[in-house]
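Student: Input file: data.cif. Contents: mmCIF, N, CA and C atoms.
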```
data_start
loop_
_atom_site.label_atom_id
_atom_site.label_comp_id
_atom_site.auth_asym_id
_atom_site.auth_seq_id
_atom_site.Cartn_x
_atom_site.Cartn_y
_atom_site.Cartn_z
N MET A 75 81.78 -64.33 -23.72
CA MET A 75 80.59 -63.55 -23.42
C MET A 75 79.39 -64.20 -24.08
N ILE A 76 78.28 -64.14 -23.42
CA ILE A 76 77.04 -64.74 -23.88
C ILE A 76 76.26 -63.67 -24.63
N HIS A 77 75.86 -63.98 -25.86
CA HIS A 77 75.10 -63.02 -26.65
C HIS A 77 73.74 -63.59 -26.96
N SER A 78 72.72 -62.83 -26.72
CA SER A 78 71.35 -63.28 -26.92
C SER A 78 70.93 -63.13 -28.37
N SER A 79 70.05 -63.99 -28.79
CA SER A 79 69.45 -63.86 -30.12
C SER A 79 68.35 -62.79 -30.12
N LYS A 80 67.98 -62.35 -28.92
CA LYS A 80 66.92 -61.34 -28.78
C LYS A 80 67.33 -60.37 -27.66
N PRO A 81 68.26 -59.45 -27.93
CA PRO A 81 68.78 -58.57 -26.88
C PRO A 81 67.74 -57.76 -26.10
N PRO A 82 66.64 -57.29 -26.70
CA PRO A 82 65.68 -56.51 -25.90
C PRO A 82 65.04 -57.28 -24.76
N LEU A 83 65.10 -58.60 -24.79
CA LEU A 83 64.60 -59.44 -23.71
C LEU A 83 65.65 -60.53 -23.50
N SER A 84 66.58 -60.25 -22.61
CA SER A 84 67.72 -61.16 -22.50
C SER A 84 68.36 -61.15 -21.12
N VAL A 85 69.18 -62.18 -20.90
CA VAL A 85 70.02 -62.26 -19.72
C VAL A 85 71.44 -62.48 -20.24
N GLU A 86 72.34 -61.61 -19.81
CA GLU A 86 73.73 -61.74 -20.24
C GLU A 86 74.65 -61.59 -19.05
N LEU A 87 75.87 -61.94 -19.28
CA LEU A 87 76.91 -61.81 -18.27
C LEU A 87 77.34 -60.35 -18.19
N GLY A 88 77.53 -59.83 -16.98
CA GLY A 88 78.01 -58.46 -16.82
C GLY A 88 79.43 -58.31 -17.32
N ALA A 89 79.81 -57.09 -17.58
CA ALA A 89 81.14 -56.81 -18.15
C ALA A 89 82.26 -57.34 -17.28
N ASP A 90 82.07 -57.33 -15.97
CA ASP A 90 83.13 -57.79 -15.07
C ASP A 90 83.05 -59.29 -14.75
N HIS A 91 82.07 -59.97 -15.35
CA HIS A 91 81.84 -61.40 -15.13
C HIS A 91 81.54 -61.72 -13.67
N LEU A 92 81.02 -60.75 -12.94
CA LEU A 92 80.68 -60.95 -11.53
C LEU A 92 79.19 -60.77 -11.26
N HIS A 93 78.44 -60.50 -12.30
CA HIS A 93 77.00 -60.33 -12.15
C HIS A 93 76.31 -60.61 -13.49
N SER A 94 75.01 -60.76 -13.44
CA SER A 94 74.24 -60.91 -14.67
C SER A 94 73.48 -59.62 -14.95
N VAL A 95 73.06 -59.47 -16.19
CA VAL A 95 72.31 -58.29 -16.62
C VAL A 95 71.02 -58.77 -17.28
N LEU A 96 69.90 -58.40 -16.67
CA LEU A 96 68.59 -58.73 -17.23
C LEU A 96 68.11 -57.51 -17.99
N ARG A 97 67.79 -57.69 -19.25
CA ARG A 97 67.33 -56.58 -20.08
C ARG A 97 65.89 -56.87 -20.52
N VAL A 98 64.99 -55.92 -20.23
CA VAL A 98 63.58 -56.06 -20.60
C VAL A 98 63.12 -54.69 -21.13
N ASP A 99 63.47 -54.42 -22.38
CA ASP A 99 63.16 -53.12 -22.97
C ASP A 99 61.67 -52.82 -23.01
N GLN A 100 60.83 -53.85 -23.09
CA GLN A 100 59.39 -53.64 -23.18
C GLN A 100 58.85 -52.90 -21.97
N ILE A 101 59.43 -53.14 -20.81
CA ILE A 101 58.97 -52.44 -19.60
C ILE A 101 59.20 -50.94 -19.74
N ARG A 102 60.38 -50.56 -20.23
CA ARG A 102 60.66 -49.13 -20.42
C ARG A 102 59.71 -48.53 -21.44
N THR A 103 59.49 -49.24 -22.54
CA THR A 103 58.60 -48.75 -23.59
C THR A 103 57.18 -48.56 -23.03
N ASP A 104 56.69 -49.58 -22.34
CA ASP A 104 55.33 -49.48 -21.77
C ASP A 104 55.23 -48.34 -20.77
N THR A 105 56.27 -48.17 -19.95
CA THR A 105 56.27 -47.10 -18.95
C THR A 105 56.18 -45.73 -19.61
N LEU A 106 57.00 -45.51 -20.63
CA LEU A 106 56.99 -44.21 -21.31
C LEU A 106 55.67 -43.97 -22.05
N VAL A 107 55.14 -45.00 -22.70
CA VAL A 107 53.87 -44.86 -23.41
C VAL A 107 52.75 -44.53 -22.42
N GLN A 108 52.71 -45.23 -21.29
CA GLN A 108 51.67 -44.95 -20.29
C GLN A 108 51.83 -43.56 -19.69
N LEU A 109 53.05 -43.14 -19.46
CA LEU A 109 53.29 -41.81 -18.91
C LEU A 109 52.83 -40.74 -19.89
N VAL A 110 53.20 -40.88 -21.15
CA VAL A 110 52.82 -39.89 -22.15
C VAL A 110 51.32 -39.92 -22.42
N THR A 111 50.71 -41.08 -22.31
CA THR A 111 49.26 -41.17 -22.47
C THR A 111 48.57 -40.37 -21.36
N GLY A 112 49.05 -40.50 -20.13
CA GLY A 112 48.51 -39.71 -19.03
C GLY A 112 48.76 -38.23 -19.23
N TRP A 113 49.94 -37.90 -19.72
CA TRP A 113 50.32 -36.51 -19.98
C TRP A 113 49.42 -35.91 -21.07
N ALA A 114 49.08 -36.70 -22.08
CA ALA A 114 48.29 -36.20 -23.21
C ALA A 114 46.82 -35.98 -22.85
N ASP A 115 46.37 -36.60 -21.78
CA ASP A 115 44.98 -36.45 -21.36
C ASP A 115 44.82 -35.10 -20.66
N ASP A 116 43.98 -34.25 -21.22
CA ASP A 116 43.79 -32.91 -20.65
C ASP A 116 43.35 -32.94 -19.20
N ASP A 117 42.62 -33.99 -18.80
CA ASP A 117 42.12 -34.07 -17.43
C ASP A 117 43.21 -34.41 -16.42
N THR A 118 44.28 -35.06 -16.87
CA THR A 118 45.33 -35.47 -15.92
C THR A 118 46.67 -34.78 -16.15
N ARG A 119 46.79 -34.01 -17.23
CA ARG A 119 48.08 -33.42 -17.58
C ARG A 119 48.70 -32.63 -16.42
N ASP A 120 47.93 -31.75 -15.81
CA ASP A 120 48.47 -30.93 -14.72
C ASP A 120 48.94 -31.78 -13.54
N ASP A 121 48.18 -32.85 -13.25
CA ASP A 121 48.57 -33.75 -12.15
C ASP A 121 49.85 -34.51 -12.48
N VAL A 122 49.98 -34.95 -13.73
CA VAL A 122 51.19 -35.66 -14.15
C VAL A 122 52.39 -34.73 -14.07
N ILE A 123 52.23 -33.51 -14.56
CA ILE A 123 53.33 -32.54 -14.52
C ILE A 123 53.72 -32.24 -13.07
N ALA A 124 52.73 -32.06 -12.21
CA ALA A 124 53.03 -31.78 -10.80
C ALA A 124 53.76 -32.95 -10.16
N ALA A 125 53.35 -34.17 -10.49
CA ALA A 125 54.02 -35.35 -9.93
C ALA A 125 55.44 -35.47 -10.46
N LEU A 126 55.65 -35.15 -11.72
CA LEU A 126 57.00 -35.18 -12.28
C LEU A 126 57.87 -34.08 -11.65
N ASP A 127 57.29 -32.93 -11.43
CA ASP A 127 58.03 -31.85 -10.76
C ASP A 127 58.42 -32.26 -9.34
N GLU A 128 57.52 -32.96 -8.66
CA GLU A 128 57.82 -33.43 -7.31
C GLU A 128 58.96 -34.45 -7.33
N LEU A 129 58.94 -35.35 -8.31
CA LEU A 129 60.03 -36.32 -8.44
C LEU A 129 61.34 -35.59 -8.71
N ALA A 130 61.31 -34.59 -9.56
CA ALA A 130 62.53 -33.82 -9.86
C ALA A 130 63.05 -33.16 -8.59
N ALA A 131 62.18 -32.63 -7.77
CA ALA A 131 62.60 -32.00 -6.52
C ALA A 131 63.22 -33.03 -5.57
N VAL A 132 62.63 -34.21 -5.52
CA VAL A 132 63.18 -35.28 -4.67
C VAL A 132 64.58 -35.65 -5.14
N MET A 133 64.79 -35.67 -6.44
CA MET A 133 66.08 -36.07 -7.00
C MET A 133 67.17 -35.00 -6.83
N GLN A 134 66.78 -33.79 -6.52
CA GLN A 134 67.73 -32.68 -6.42
C GLN A 134 68.58 -32.67 -5.16
N GLY A 135 68.16 -33.35 -4.14
CA GLY A 135 68.90 -33.26 -2.89
C GLY A 135 68.78 -34.54 -2.07
N PRO A 136 69.22 -34.46 -0.83
CA PRO A 136 69.11 -35.64 0.03
C PRO A 136 67.64 -36.01 0.24
N ARG A 137 67.39 -37.30 0.29
CA ARG A 137 66.00 -37.77 0.41
C ARG A 137 65.79 -38.48 1.74
N ARG A 138 64.59 -38.34 2.24
CA ARG A 138 64.18 -39.13 3.40
C ARG A 138 63.82 -40.52 2.92
N GLU A 139 63.90 -41.47 3.82
CA GLU A 139 63.57 -42.85 3.48
C GLU A 139 62.14 -42.94 2.96
N GLY A 140 61.98 -43.58 1.83
CA GLY A 140 60.66 -43.77 1.23
C GLY A 140 60.20 -42.64 0.34
N GLU A 141 60.92 -41.53 0.34
CA GLU A 141 60.48 -40.37 -0.42
C GLU A 141 60.50 -40.62 -1.93
N LEU A 142 61.54 -41.29 -2.42
CA LEU A 142 61.63 -41.59 -3.85
C LEU A 142 60.50 -42.54 -4.26
N ASP A 143 60.30 -43.58 -3.48
CA ASP A 143 59.22 -44.53 -3.79
C ASP A 143 57.86 -43.83 -3.82
N ALA A 144 57.64 -42.95 -2.88
CA ALA A 144 56.36 -42.22 -2.82
C ALA A 144 56.18 -41.34 -4.06
N ALA A 145 57.24 -40.68 -4.49
CA ALA A 145 57.16 -39.81 -5.66
C ALA A 145 56.89 -40.63 -6.92
N LEU A 146 57.53 -41.78 -7.02
CA LEU A 146 57.30 -42.65 -8.18
C LEU A 146 55.88 -43.20 -8.18
N GLU A 147 55.39 -43.61 -7.02
CA GLU A 147 54.03 -44.12 -6.92
C GLU A 147 53.01 -43.05 -7.28
N GLN A 148 53.31 -41.81 -6.92
CA GLN A 148 52.40 -40.71 -7.25
C GLN A 148 52.29 -40.54 -8.77
N ILE A 149 53.42 -40.62 -9.46
CA ILE A 149 53.40 -40.53 -10.92
C ILE A 149 52.59 -41.68 -11.50
N GLU A 150 52.84 -42.89 -11.03
CA GLU A 150 52.11 -44.06 -11.52
C GLU A 150 50.61 -43.89 -11.31
N ASP A 151 50.23 -43.37 -10.14
CA ASP A 151 48.81 -43.20 -9.83
C ASP A 151 48.15 -42.16 -10.73
N VAL A 152 48.75 -40.98 -10.82
CA VAL A 152 48.09 -39.90 -11.57
C VAL A 152 48.10 -40.18 -13.07
N ALA A 153 49.11 -40.91 -13.56
CA ALA A 153 49.16 -41.22 -14.99
C ALA A 153 48.40 -42.50 -15.32
N GLY A 154 47.90 -43.19 -14.30
CA GLY A 154 47.14 -44.42 -14.54
C GLY A 154 48.00 -45.53 -15.13
N MET A 155 49.22 -45.65 -14.62
CA MET A 155 50.16 -46.63 -15.16
C MET A 155 49.94 -48.01 -14.56
N ASP A 156 50.15 -49.03 -15.40
CA ASP A 156 50.04 -50.43 -14.97
C ASP A 156 51.34 -50.83 -14.27
N SER A 157 51.32 -52.01 -13.66
CA SER A 157 52.53 -52.52 -13.02
C SER A 157 53.57 -52.86 -14.09
N ALA A 158 54.83 -52.81 -13.68
CA ALA A 158 55.94 -53.05 -14.60
C ALA A 158 56.15 -54.54 -14.80
N GLN A 159 55.43 -55.10 -15.75
CA GLN A 159 55.57 -56.51 -16.03
C GLN A 159 55.33 -56.75 -17.51
N VAL A 160 55.85 -57.86 -18.00
CA VAL A 160 55.63 -58.25 -19.39
C VAL A 160 55.28 -59.74 -19.42
N GLU A 161 54.52 -60.11 -20.39
CA GLU A 161 54.26 -61.52 -20.62
C GLU A 161 55.43 -62.08 -21.41
N VAL A 162 55.88 -63.27 -21.03
CA VAL A 162 57.01 -63.91 -21.70
C VAL A 162 56.49 -65.20 -22.32
N SER A 163 56.64 -65.31 -23.63
CA SER A 163 56.16 -66.50 -24.34
C SER A 163 56.93 -67.74 -23.90
N MET A 164 56.39 -68.89 -24.21
CA MET A 164 57.06 -70.14 -23.86
C MET A 164 58.43 -70.22 -24.56
N THR A 165 58.48 -69.82 -25.80
CA THR A 165 59.75 -69.83 -26.55
C THR A 165 60.78 -68.95 -25.87
N ASP A 166 60.37 -67.73 -25.52
CA ASP A 166 61.30 -66.81 -24.85
C ASP A 166 61.66 -67.30 -23.44
N THR A 167 60.70 -67.93 -22.77
CA THR A 167 61.00 -68.48 -21.44
C THR A 167 62.11 -69.52 -21.52
N HIS A 168 62.02 -70.41 -22.50
CA HIS A 168 63.07 -71.42 -22.66
C HIS A 168 64.40 -70.78 -23.03
N ARG A 169 64.36 -69.78 -23.91
CA ARG A 169 65.59 -69.10 -24.32
C ARG A 169 66.22 -68.39 -23.13
N LEU A 170 65.41 -67.68 -22.34
CA LEU A 170 65.92 -66.98 -21.16
C LEU A 170 66.48 -67.98 -20.15
N HIS A 171 65.85 -69.10 -20.00
CA HIS A 171 66.35 -70.15 -19.10
C HIS A 171 67.74 -70.60 -19.55
N ASP A 172 67.90 -70.82 -20.83
CA ASP A 172 69.21 -71.23 -21.36
C ASP A 172 70.25 -70.13 -21.16
N GLU A 173 69.87 -68.88 -21.42
CA GLU A 173 70.80 -67.77 -21.24
C GLU A 173 71.20 -67.64 -19.77
N LEU A 174 70.22 -67.73 -18.87
CA LEU A 174 70.52 -67.63 -17.45
C LEU A 174 71.41 -68.77 -16.98
N GLY A 175 71.16 -69.98 -17.50
CA GLY A 175 72.00 -71.12 -17.16
C GLY A 175 73.45 -70.90 -17.59
N ALA A 176 73.63 -70.35 -18.79
CA ALA A 176 74.99 -70.08 -19.27
C ALA A 176 75.68 -69.03 -18.41
N VAL A 177 74.95 -68.00 -18.03
CA VAL A 177 75.50 -66.96 -17.16
C VAL A 177 75.83 -67.55 -15.79
N GLU A 178 74.94 -68.35 -15.26
CA GLU A 178 75.13 -68.93 -13.93
C GLU A 178 76.38 -69.82 -13.90
N ARG A 179 76.63 -70.56 -14.96
CA ARG A 179 77.83 -71.40 -15.01
C ARG A 179 79.10 -70.57 -14.89
N VAL A 180 79.13 -69.42 -15.55
CA VAL A 180 80.30 -68.54 -15.46
C VAL A 180 80.40 -67.92 -14.06
N LEU A 181 79.28 -67.43 -13.53
CA LEU A 181 79.30 -66.79 -12.22
C LEU A 181 79.65 -67.77 -11.10
N SER A 182 79.34 -69.04 -11.29
CA SER A 182 79.57 -70.03 -10.24
C SER A 182 80.97 -70.64 -10.29
N ARG A 183 81.79 -70.27 -11.23
CA ARG A 183 83.10 -70.91 -11.37
C ARG A 183 83.96 -70.74 -10.13
N PHE A 184 83.82 -69.62 -9.42
CA PHE A 184 84.59 -69.41 -8.20
C PHE A 184 83.77 -69.68 -6.94
N ASN A 185 82.54 -70.09 -7.14
CA ASN A 185 81.64 -70.33 -6.02
C ASN A 185 80.79 -71.57 -6.34
N PRO A 186 81.41 -72.71 -6.53
CA PRO A 186 80.68 -73.88 -7.00
C PRO A 186 79.56 -74.32 -6.06
N GLY A 187 79.68 -74.01 -4.78
CA GLY A 187 78.63 -74.36 -3.83
C GLY A 187 77.48 -73.38 -3.85
N ARG A 188 77.58 -72.36 -4.69
CA ARG A 188 76.57 -71.30 -4.82
C ARG A 188 76.27 -70.62 -3.50
N ARG A 189 77.33 -70.44 -2.74
CA ARG A 189 77.19 -69.73 -1.47
C ARG A 189 77.29 -68.24 -1.73
N THR A 190 76.61 -67.47 -0.91
CA THR A 190 76.69 -66.03 -1.05
C THR A 190 78.01 -65.54 -0.47
N ALA A 191 78.40 -64.37 -0.91
CA ALA A 191 79.69 -63.81 -0.45
C ALA A 191 79.63 -63.44 1.00
#
```
What does the file become when written as structure tokens?
Tutor:
Amino acid sequence: MIHSSKPPLSVELGADHLHSVLRVDQIRTDTLVQLVTGWADDDTRDDVIAALDELAAVMQGPRREGELDAALEQIEDVAGMDSAQVEVSMTDTHRLHDELGAVERVLSRFNPGRRTA
């Protein structure tokens, strides 16, 4: 198993050795901070709560196509959330490249031509 020197931003082999796992904890942290910042603003609190309630309703039963995406976009809009991205330093880029290469070597052992299933 491949273990990262920086697990919060890493690529590792999945438990079944049939997939990779990309971990980017900063995106979750930024998402929650932005959501709570919108929630804490008296001018947007009711809109954020309403959007969260709508998402909860969508999650309670069968959904129409696009309904989940629309509910998530509504939360992002009313809370003033940025896109889910992080800057990756050159050092981390090289480390992630090495981690991904190690994972790819294991995943390709039964598919050396890198053909899809």
Student: Can you pull out every residue within 6.5 Å of Ile101 in chain A, counting all atoms listed in the file, but drop anything in the same chain fewer than 6 positions away, and send it as a list of chain:residue names?
Tutor: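 Answer for this query is A:Ala158, A:Gln159, A:Val160.
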Student: Could you tell me how far atom N of Ser157 in chain A sits from atom C of Trp113 in chain A, in Å to one decimal place?
Tutor: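 Separation between atom C of Trp113 in chain A and atom N of Ser157 in chain A: 17.8 Å.
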Student: List as a short mmCIF file (atom, residue, chain, number, x, y, z; two decimals) with N, CA and C atoms, in the coordinates of the input the residues having at least one atom at most 7 Å from position (83.7, -64.1, -17.1) as given in the file, counting all atoms listed in the file.
Tutor:
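Wrote it out as out-v4.cif, contents follow:
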```cif
data_model
loop_
_atom_site.label_atom_id
_atom_site.label_comp_id
_atom_site.auth_asym_id
_atom_site.auth_seq_id
_atom_site.Cartn_x
_atom_site.Cartn_y
_atom_site.Cartn_z
N MET A 75 81.78 -64.33 -23.72
CA MET A 75 80.59 -63.55 -23.42
C MET A 75 79.39 -64.20 -24.08
N ALA A 89 79.81 -57.09 -17.58
CA ALA A 89 81.14 -56.81 -18.15
C ALA A 89 82.26 -57.34 -17.28
N ASP A 90 82.07 -57.33 -15.97
CA ASP A 90 83.13 -57.79 -15.07
C ASP A 90 83.05 -59.29 -14.75
N HIS A 91 82.07 -59.97 -15.35
CA HIS A 91 81.84 -61.40 -15.13
C HIS A 91 81.54 -61.72 -13.67
N LEU A 92 81.02 -60.75 -12.94
CA LEU A 92 80.68 -60.95 -11.53
C LEU A 92 79.19 -60.77 -11.26
N VAL A 180 79.13 -69.42 -15.55
CA VAL A 180 80.30 -68.54 -15.46
C VAL A 180 80.40 -67.92 -14.06
N LEU A 181 79.28 -67.43 -13.53
CA LEU A 181 79.30 -66.79 -12.22
C LEU A 181 79.65 -67.77 -11.10
#
```
Student: Which neighbours of Arg97 in chain A fall inside 6 Å, counting all atoms listed in the file, when residues of the same chain fewer than 3 positions from it are skipped, and could you give them as a ChimeraX atom specification?
Tutor: /A:81-85
Student: For the residues in the current selection, export N, CA and C atoms as an mmCIF file, in the frame of the given file.
Tutor:
```cif
data_model
loop_
_atom_site.group_PDB
_atom_site.id
_atom_site.type_symbol
_atom_site.label_atom_id
_atom_site.label_comp_id
_atom_site.auth_asym_id
_atom_site.auth_seq_id
_atom_site.Cartn_x
_atom_site.Cartn_y
_atom_site.Cartn_z
ATOM 1 N N PRO A 81 68.260 -59.450 -27.930
ATOM 2 C CA PRO A 81 68.780 -58.570 -26.880
ATOM 3 C C PRO A 81 67.740 -57.760 -26.100
ATOM 4 N N PRO A 82 66.640 -57.290 -26.700
ATOM 5 C CA PRO A 82 65.680 -56.510 -25.900
ATOM 6 C C PRO A 82 65.040 -57.280 -24.760
ATOM 7 N N LEU A 83 65.100 -58.600 -24.790
ATOM 8 C CA LEU A 83 64.600 -59.440 -23.710
ATOM 9 C C LEU A 83 65.650 -60.530 -23.500
ATOM 10 N N SER A 84 66.580 -60.250 -22.610
ATOM 11 C CA SER A 84 67.720 -61.160 -22.500
ATOM 12 C C SER A 84 68.360 -61.150 -21.120
ATOM 13 N N VAL A 85 69.180 -62.180 -20.900
ATOM 14 C CA VAL A 85 70.020 -62.260 -19.720
ATOM 15 C C VAL A 85 71.440 -62.480 -20.240
#
```
Student: Rounded to one decimal, what separation in Å do you get between atom C of Ser94 in chain A and atom N of Gln148 in chain A?
Tutor: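 Those two atoms sit 28.1 Å apart.
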Student: Which residues would end up in the selection if the PyMOL selection byres (((chain A and resi 121 and name CA) around 10) and name CA) were applied here, given that I need the answer as a PyMOL selection string?
Tutor: chain A and resi 112-113+116-120+122-127+148-149+151-153
Student: Once DSSP has gone over the backbone, tell me which residues of chain A are in strand (DSSP E), as a list in words.
Tutor: Leu83, Ser84, Val85, Glu86, Leu87, Ser94, Val95, Leu96, Arg97 and Val98 of chain A
Student: Rounded to one decimal, what separation in Å do you get between atom N of Ala131 in chain A and atom C of Met155 in chain A?
Tutor: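 It comes out at 20.8 Å.
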Student: Excluding range 177-179 of chain A and any residue of its chain fewer than 3 positions from it, enumerate the residues within 6 Å of it, using all atoms listed in the file, and give them as a list in words.
Tutor: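 After dropping sequence-adjacent residues, the list is Glu86, Leu87, Glu173, Leu174, Ser182 and Arg183 of chain A.
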